[in-house]
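Q: My questions all concern the structure below.
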Amino acid sequence: MLAAAALAVFPALAQPPAQKIQALIITGQNGHDWRATTPVLRKLLEDTGKFEVRVTEEFRGAGAETLAPYDVVVLNYYEQKKPALRWGERADTALTNFVRGGKGLVIYHFSMAAFEGWTEFEKMCGANWRPNFGHHSARHDFTVTVRDPASPITQGLPATFPQSNDELYANLKWQPEGTYHVLATAWDDHSLYPANEKQPVPGKGIDQPVLWTVNYGSGRVFVTALGHDPAAMKDAGFVTTLTRGTAWAAGK
C-alpha cells in the first residue's frame, strides 16, 4: 500500500518489465533496527510489481556464485566495527566485482557507516559516516530539494517534497568531487544542534546531500541517507526515490 500510494503521487516512468528485477537485500547486523526496516524495504520494492526480492542475514563467506542470480544488491548492514562481523575477503571481492562488472548496489541509510578502512566500499558509497565525520541533529521534519530533475530517479517529482520525522545526515566524509552525483539535498539547520556538538556547525546551516549516485566500473550505485525507521519510510518521496533508485541501479 505504501508504494502504491507513493507512485500515485509520483507516477512510475515505465510499465513493470516482463521479467522482474532480481534484488537481494543483505542485512543481519546494523546499529539501527534492521529487523524492522528490512521487511519494509522488501515490501516497497515488491509492491511496485517490478521486483522479485530475497533477503540474506548472513553474507560472510559468500562468493560470486551467491550474487550471480541478481541484478541489484540493497545493503542494510553495519558490522558495528566488530571484526567477527566483517564479511571477509571472498565476500568483499564478490560484491565489488558484482558492481564493477555492471550490476547495481543500493546503500540504504546507516549502511554508509559500514566497513571502515575498506577503500573500494568507500568509493562505491561516495560518502561515509566515519570517525569525526557524520552526525545529525534530533530527528525532525524537513524539506528535500531536487537538484537534478532530469535524472530518471527524480524526473517528474516536485521541486521540493517533505520528509517527515527523519534523521538528516550531515558532515559525511566525501570522496573527491566528481566521483559522485547529487540528486537531492536538505537544509541542515545548525540551530537544532546542542551547544556541546563535537563536529562543526558553522553559520546558520548548510544544504546537505541526501540522495546521490555513483558510477563504479560498469555498475551503478544509488545512495539514500533517508529512512531511519518504518515511520520515516512512509513518505511518498522516500518510497518513490528508493524504488526508482533501485531500478536505476539495476540498469532497468
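Ordering of the C-alpha cells sets the chain letters (A, B, ...), residue numbers begin anew at 1 in every chain, and ligands are numbered from 1 in the order given.
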Among the residues of range 7-244 of chain A, find those DSSP assigns to strand (DSSP E) from the backbone and print them as JSON, numbers by chain.

A: {"A": [21, 22, 23, 24, 25, 26, 51, 52, 53, 54, 55, 56, 72, 73, 74, 75, 104, 105, 106, 107, 108, 127, 128, 140, 141, 142, 143, 144, 145, 146, 160, 161, 162, 163, 164, 165, 166, 173, 174, 181, 182, 183, 184, 185, 186, 187, 188, 189, 205, 206, 207, 208, 209, 210, 211, 212, 213, 214, 215, 216, 219, 220, 221, 222, 223, 224]}

Q: Those residues you just picked out, can you put them in a file as a PDB file, in the first residue's frame with C-alpha atoms?

A:
```
ATOM      1  CA  ILE A  21      14.319  -7.280 -11.431  1.00  0.00           C
ATOM      2  CA  GLN A  22      16.121  -9.705  -9.155  1.00  0.00           C
ATOM      3  CA  ALA A  23      17.099  -7.967  -5.907  1.00  0.00           C
ATOM      4  CA  LEU A  24      18.978  -9.247  -2.871  1.00  0.00           C
ATOM      5  CA  ILE A  25      18.779  -7.424   0.465  1.00  0.00           C
ATOM      6  CA  ILE A  26      21.891  -8.074   2.565  1.00  0.00           C
ATOM      7  CA  PHE A  51      10.987  -6.670  -8.309  1.00  0.00           C
ATOM      8  CA  GLU A  52      11.477 -10.151  -7.015  1.00  0.00           C
ATOM      9  CA  VAL A  53      13.266  -9.777  -3.687  1.00  0.00           C
ATOM     10  CA  ARG A  54      15.173 -12.164  -1.464  1.00  0.00           C
ATOM     11  CA  VAL A  55      16.845 -11.467   1.876  1.00  0.00           C
ATOM     12  CA  THR A  56      20.011 -12.867   3.400  1.00  0.00           C
ATOM     13  CA  VAL A  72      20.976  -5.397  -7.698  1.00  0.00           C
ATOM     14  CA  VAL A  73      22.003  -5.647  -4.041  1.00  0.00           C
ATOM     15  CA  VAL A  74      20.327  -3.495  -1.382  1.00  0.00           C
ATOM     16  CA  LEU A  75      22.592  -3.083   1.621  1.00  0.00           C
ATOM     17  CA  GLY A 104      23.736  -2.439  -9.127  1.00  0.00           C
ATOM     18  CA  LEU A 105      24.082  -1.528  -5.446  1.00  0.00           C
ATOM     19  CA  VAL A 106      21.819   0.483  -3.139  1.00  0.00           C
ATOM     20  CA  ILE A 107      23.311   1.904   0.053  1.00  0.00           C
ATOM     21  CA  TYR A 108      20.458   2.446   2.478  1.00  0.00           C
ATOM     22  CA  ALA A 127      30.295   9.382   1.214  1.00  0.00           C
ATOM     23  CA  ASN A 128      30.539   7.612   4.546  1.00  0.00           C
ATOM     24  CA  HIS A 140      12.599  16.252  12.670  1.00  0.00           C
ATOM     25  CA  ASP A 141      10.501  17.157   9.632  1.00  0.00           C
ATOM     26  CA  PHE A 142      12.470  18.702   6.779  1.00  0.00           C
ATOM     27  CA  THR A 143      12.171  19.515   3.094  1.00  0.00           C
ATOM     28  CA  VAL A 144      14.073  17.702   0.355  1.00  0.00           C
ATOM     29  CA  THR A 145      15.073  19.801  -2.671  1.00  0.00           C
ATOM     30  CA  VAL A 146      15.603  18.074  -6.008  1.00  0.00           C
ATOM     31  CA  THR A 160      10.640  20.020  -3.182  1.00  0.00           C
ATOM     32  CA  PHE A 161       8.942  17.331  -1.134  1.00  0.00           C
ATOM     33  CA  PRO A 162       8.537  16.674   2.605  1.00  0.00           C
ATOM     34  CA  GLN A 163      10.420  14.101   4.654  1.00  0.00           C
ATOM     35  CA  SER A 164       8.753  13.520   7.996  1.00  0.00           C
ATOM     36  CA  ASN A 165      10.422  12.880  11.341  1.00  0.00           C
ATOM     37  CA  ASP A 166      13.722  11.617   9.959  1.00  0.00           C
ATOM     38  CA  LYS A 173      33.324  12.014   4.703  1.00  0.00           C
ATOM     39  CA  TRP A 174      33.064  12.521   0.940  1.00  0.00           C
ATOM     40  CA  HIS A 181      26.401  12.928  -8.446  1.00  0.00           C
ATOM     41  CA  VAL A 182      23.986  14.677  -6.066  1.00  0.00           C
ATOM     42  CA  LEU A 183      20.291  14.232  -6.837  1.00  0.00           C
ATOM     43  CA  ALA A 184      18.730  15.998  -3.836  1.00  0.00           C
ATOM     44  CA  THR A 185      19.666  17.948  -0.731  1.00  0.00           C
ATOM     45  CA  ALA A 186      18.071  19.144   2.509  1.00  0.00           C
ATOM     46  CA  TRP A 187      18.852  22.170   4.665  1.00  0.00           C
ATOM     47  CA  ASP A 188      20.687  21.204   7.850  1.00  0.00           C
ATOM     48  CA  ASP A 189      19.590  23.807  10.386  1.00  0.00           C
ATOM     49  CA  GLY A 205      23.173  25.861   8.321  1.00  0.00           C
ATOM     50  CA  ILE A 206      24.083  24.226   5.032  1.00  0.00           C
ATOM     51  CA  ASP A 207      22.458  22.145   2.308  1.00  0.00           C
ATOM     52  CA  GLN A 208      23.413  18.506   2.757  1.00  0.00           C
ATOM     53  CA  PRO A 209      23.104  15.813   0.071  1.00  0.00           C
ATOM     54  CA  VAL A 210      20.507  13.193   0.956  1.00  0.00           C
ATOM     55  CA  LEU A 211      20.267  11.322  -2.382  1.00  0.00           C
ATOM     56  CA  TRP A 212      23.150  10.686  -4.763  1.00  0.00           C
ATOM     57  CA  THR A 213      24.552   8.228  -7.288  1.00  0.00           C
ATOM     58  CA  VAL A 214      27.984   6.798  -8.055  1.00  0.00           C
ATOM     59  CA  ASN A 215      29.281   5.104 -11.199  1.00  0.00           C
ATOM     60  CA  TYR A 216      31.636   2.288 -10.218  1.00  0.00           C
ATOM     61  CA  GLY A 219      27.964  -0.637 -12.422  1.00  0.00           C
ATOM     62  CA  ARG A 220      25.766   1.910 -10.721  1.00  0.00           C
ATOM     63  CA  VAL A 221      25.214   2.789  -7.060  1.00  0.00           C
ATOM     64  CA  PHE A 222      22.262   4.662  -5.568  1.00  0.00           C
ATOM     65  CA  VAL A 223      22.617   6.060  -2.049  1.00  0.00           C
ATOM     66  CA  THR A 224      19.780   7.304   0.144  1.00  0.00           C
TER      67      THR A 224
END
```

Q: Can you pull out every residue within 12 Å of Asp92 in chain A, counting only C-alpha atoms, but drop anything in the same chain fewer than 2 positions away, and send it as a PDB file with N, CA and C atoms, in the first residue's frame?

A:
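Heads up, here's the output in result-v3.pdb:
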```
ATOM      1  N   PHE A  59      26.030 -12.960   5.053  1.00  0.00           N
ATOM      2  CA  PHE A  59      26.789 -12.826   3.809  1.00  0.00           C
ATOM      3  C   PHE A  59      28.261 -13.170   4.003  1.00  0.00           C
ATOM      4  N   ARG A  60      28.674 -13.412   5.221  1.00  0.00           N
ATOM      5  CA  ARG A  60      30.072 -13.772   5.464  1.00  0.00           C
ATOM      6  C   ARG A  60      30.408 -15.059   4.713  1.00  0.00           C
ATOM      7  N   GLY A  61      31.523 -15.015   3.994  1.00  0.00           N
ATOM      8  CA  GLY A  61      31.952 -16.172   3.234  1.00  0.00           C
ATOM      9  C   GLY A  61      31.277 -16.343   1.897  1.00  0.00           C
ATOM     10  N   ALA A  62      30.377 -15.436   1.532  1.00  0.00           N
ATOM     11  CA  ALA A  62      29.691 -15.533   0.244  1.00  0.00           C
ATOM     12  C   ALA A  62      30.681 -15.320  -0.898  1.00  0.00           C
ATOM     13  N   GLY A  63      30.272 -15.710  -2.092  1.00  0.00           N
ATOM     14  CA  GLY A  63      31.140 -15.560  -3.257  1.00  0.00           C
ATOM     15  C   GLY A  63      30.361 -15.094  -4.465  1.00  0.00           C
ATOM     16  N   ALA A  64      31.023 -15.080  -5.604  1.00  0.00           N
ATOM     17  CA  ALA A  64      30.396 -14.626  -6.848  1.00  0.00           C
ATOM     18  C   ALA A  64      29.146 -15.424  -7.166  1.00  0.00           C
ATOM     19  N   LEU A  67      25.898 -14.041  -5.682  1.00  0.00           N
ATOM     20  CA  LEU A  67      25.315 -12.849  -6.285  1.00  0.00           C
ATOM     21  C   LEU A  67      24.923 -13.043  -7.746  1.00  0.00           C
ATOM     22  N   ARG A  86      32.724  -8.735  10.059  1.00  0.00           N
ATOM     23  CA  ARG A  86      33.190  -8.416   8.715  1.00  0.00           C
ATOM     24  C   ARG A  86      32.977  -9.616   7.814  1.00  0.00           C
ATOM     25  N   TRP A  87      32.711  -9.374   6.540  1.00  0.00           N
ATOM     26  CA  TRP A  87      32.363 -10.449   5.621  1.00  0.00           C
ATOM     27  C   TRP A  87      33.545 -11.348   5.264  1.00  0.00           C
ATOM     28  N   GLY A  88      34.725 -10.746   5.121  1.00  0.00           N
ATOM     29  CA  GLY A  88      35.886 -11.495   4.661  1.00  0.00           C
ATOM     30  C   GLY A  88      36.208 -11.164   3.210  1.00  0.00           C
ATOM     31  N   GLU A  89      37.444 -11.456   2.821  1.00  0.00           N
ATOM     32  CA  GLU A  89      37.942 -11.049   1.507  1.00  0.00           C
ATOM     33  C   GLU A  89      37.121 -11.635   0.362  1.00  0.00           C
ATOM     34  N   ARG A  90      36.699 -12.885   0.495  1.00  0.00           N
ATOM     35  CA  ARG A  90      35.955 -13.522  -0.596  1.00  0.00           C
ATOM     36  C   ARG A  90      34.638 -12.796  -0.867  1.00  0.00           C
ATOM     37  N   ALA A  94      33.543 -10.397  -4.033  1.00  0.00           N
ATOM     38  CA  ALA A  94      32.336 -10.740  -4.782  1.00  0.00           C
ATOM     39  C   ALA A  94      31.463  -9.515  -4.999  1.00  0.00           C
ATOM     40  N   LEU A  95      31.297  -8.684  -3.965  1.00  0.00           N
ATOM     41  CA  LEU A  95      30.447  -7.504  -4.111  1.00  0.00           C
ATOM     42  C   LEU A  95      31.088  -6.471  -5.038  1.00  0.00           C
ATOM     43  N   THR A  96      32.368  -6.194  -4.858  1.00  0.00           N
ATOM     44  CA  THR A  96      32.999  -5.195  -5.717  1.00  0.00           C
ATOM     45  C   THR A  96      32.994  -5.641  -7.170  1.00  0.00           C
ATOM     46  N   ASN A  97      33.259  -6.912  -7.431  1.00  0.00           N
ATOM     47  CA  ASN A  97      33.236  -7.412  -8.806  1.00  0.00           C
ATOM     48  C   ASN A  97      31.825  -7.398  -9.387  1.00  0.00           C
ATOM     49  N   PHE A  98      30.842  -7.676  -8.550  1.00  0.00           N
ATOM     50  CA  PHE A  98      29.439  -7.644  -8.955  1.00  0.00           C
ATOM     51  C   PHE A  98      29.079  -6.264  -9.496  1.00  0.00           C
ATOM     52  N   VAL A  99      29.433  -5.221  -8.732  1.00  0.00           N
ATOM     53  CA  VAL A  99      29.092  -3.861  -9.143  1.00  0.00           C
ATOM     54  C   VAL A  99      29.988  -3.407 -10.290  1.00  0.00           C
ATOM     55  N   PHE A 115      32.079  -0.858   7.299  1.00  0.00           N
ATOM     56  CA  PHE A 115      33.341  -1.252   6.675  1.00  0.00           C
ATOM     57  C   PHE A 115      34.401  -0.138   6.614  1.00  0.00           C
ATOM     58  N   TRP A 118      37.748  -0.066   4.293  1.00  0.00           N
ATOM     59  CA  TRP A 118      37.600  -0.777   3.025  1.00  0.00           C
ATOM     60  C   TRP A 118      37.468   0.273   1.917  1.00  0.00           C
ATOM     61  N   THR A 119      38.577   0.558   1.261  1.00  0.00           N
ATOM     62  CA  THR A 119      38.658   1.666   0.316  1.00  0.00           C
ATOM     63  C   THR A 119      37.665   1.536  -0.825  1.00  0.00           C
ATOM     64  N   GLU A 120      37.521   0.343  -1.376  1.00  0.00           N
ATOM     65  CA  GLU A 120      36.624   0.178  -2.515  1.00  0.00           C
ATOM     66  C   GLU A 120      35.163   0.369  -2.118  1.00  0.00           C
ATOM     67  N   PHE A 121      34.798  -0.047  -0.928  1.00  0.00           N
ATOM     68  CA  PHE A 121      33.440   0.197  -0.448  1.00  0.00           C
ATOM     69  C   PHE A 121      33.196   1.695  -0.329  1.00  0.00           C
TER      70      PHE A 121
END
```

Q: Find the residue from A:Gly217, A:Gly237, A:Pro131, A:Gly117 that sits nearest to Leu157 in chain A; use only C-alpha atoms when measuring.

A: A:Gly237

Q: Among the residues of range 4-198 of chain A, find those DSSP assigns to helix (DSSP H, G or I) from the backbone and print them as a PyMOL selection string.

A: chain A and resi 4-9+34-47+64-67+83-85+89-100+109-113+119-125+190-192

Q: Keeping only C-alpha atoms, take the residues you just selected and write them out as an mmCIF file, in the first residue's frame.

A:
```
data_model
loop_
_atom_site.group_PDB
_atom_site.id
_atom_site.type_symbol
_atom_site.label_atom_id
_atom_site.label_comp_id
_atom_site.auth_asym_id
_atom_site.auth_seq_id
_atom_site.Cartn_x
_atom_site.Cartn_y
_atom_site.Cartn_z
ATOM 1 C CA ALA A 4 1.107 2.220 -4.448
ATOM 2 C CA ALA A 5 0.198 5.417 -2.651
ATOM 3 C CA ALA A 6 3.565 6.969 -3.412
ATOM 4 C CA LEU A 7 3.546 6.056 -7.071
ATOM 5 C CA ALA A 8 0.093 7.567 -7.408
ATOM 6 C CA VAL A 9 1.648 10.864 -6.351
ATOM 7 C CA TRP A 34 17.331 -3.795 10.633
ATOM 8 C CA ARG A 35 14.663 -6.280 11.724
ATOM 9 C CA ALA A 36 12.033 -3.539 11.372
ATOM 10 C CA THR A 37 13.326 -1.819 8.232
ATOM 11 C CA THR A 38 14.216 -4.863 6.119
ATOM 12 C CA PRO A 39 10.601 -6.063 5.693
ATOM 13 C CA VAL A 40 9.615 -2.515 4.711
ATOM 14 C CA LEU A 41 12.361 -2.322 2.085
ATOM 15 C CA ARG A 42 11.242 -5.644 0.675
ATOM 16 C CA LYS A 43 7.564 -4.688 0.603
ATOM 17 C CA LEU A 44 8.179 -1.307 -1.014
ATOM 18 C CA LEU A 45 10.113 -2.943 -3.842
ATOM 19 C CA GLU A 46 7.717 -5.849 -4.320
ATOM 20 C CA ASP A 47 4.632 -3.610 -4.247
ATOM 21 C CA ALA A 64 30.396 -14.626 -6.848
ATOM 22 C CA GLU A 65 28.005 -17.558 -7.127
ATOM 23 C CA THR A 66 25.879 -16.060 -4.335
ATOM 24 C CA LEU A 67 25.315 -12.849 -6.285
ATOM 25 C CA PRO A 83 35.895 -7.868 13.222
ATOM 26 C CA ALA A 84 33.826 -11.033 13.638
ATOM 27 C CA LEU A 85 31.004 -9.407 11.663
ATOM 28 C CA GLU A 89 37.942 -11.049 1.507
ATOM 29 C CA ARG A 90 35.955 -13.522 -0.596
ATOM 30 C CA ALA A 91 32.633 -11.798 0.017
ATOM 31 C CA ASP A 92 34.148 -8.316 -0.269
ATOM 32 C CA THR A 93 35.609 -9.197 -3.658
ATOM 33 C CA ALA A 94 32.336 -10.740 -4.782
ATOM 34 C CA LEU A 95 30.447 -7.504 -4.111
ATOM 35 C CA THR A 96 32.999 -5.195 -5.717
ATOM 36 C CA ASN A 97 33.236 -7.412 -8.806
ATOM 37 C CA PHE A 98 29.439 -7.644 -8.955
ATOM 38 C CA VAL A 99 29.092 -3.861 -9.143
ATOM 39 C CA ARG A 100 32.218 -3.188 -11.190
ATOM 40 C CA HIS A 109 20.757 4.982 5.314
ATOM 41 C CA PHE A 110 23.242 3.920 8.030
ATOM 42 C CA SER A 111 24.840 1.268 5.828
ATOM 43 C CA MET A 112 27.178 4.057 4.768
ATOM 44 C CA ALA A 113 28.804 3.679 8.205
ATOM 45 C CA THR A 119 38.658 1.666 0.316
ATOM 46 C CA GLU A 120 36.624 0.178 -2.515
ATOM 47 C CA PHE A 121 33.440 0.197 -0.448
ATOM 48 C CA GLU A 122 34.008 3.856 0.338
ATOM 49 C CA LYS A 123 34.463 4.597 -3.366
ATOM 50 C CA MET A 124 31.186 2.839 -4.115
ATOM 51 C CA CYS A 125 29.375 4.846 -1.416
ATOM 52 C CA HIS A 190 22.529 24.267 12.739
ATOM 53 C CA SER A 191 20.346 25.834 15.423
ATOM 54 C CA LEU A 192 18.924 22.338 16.049
#
```
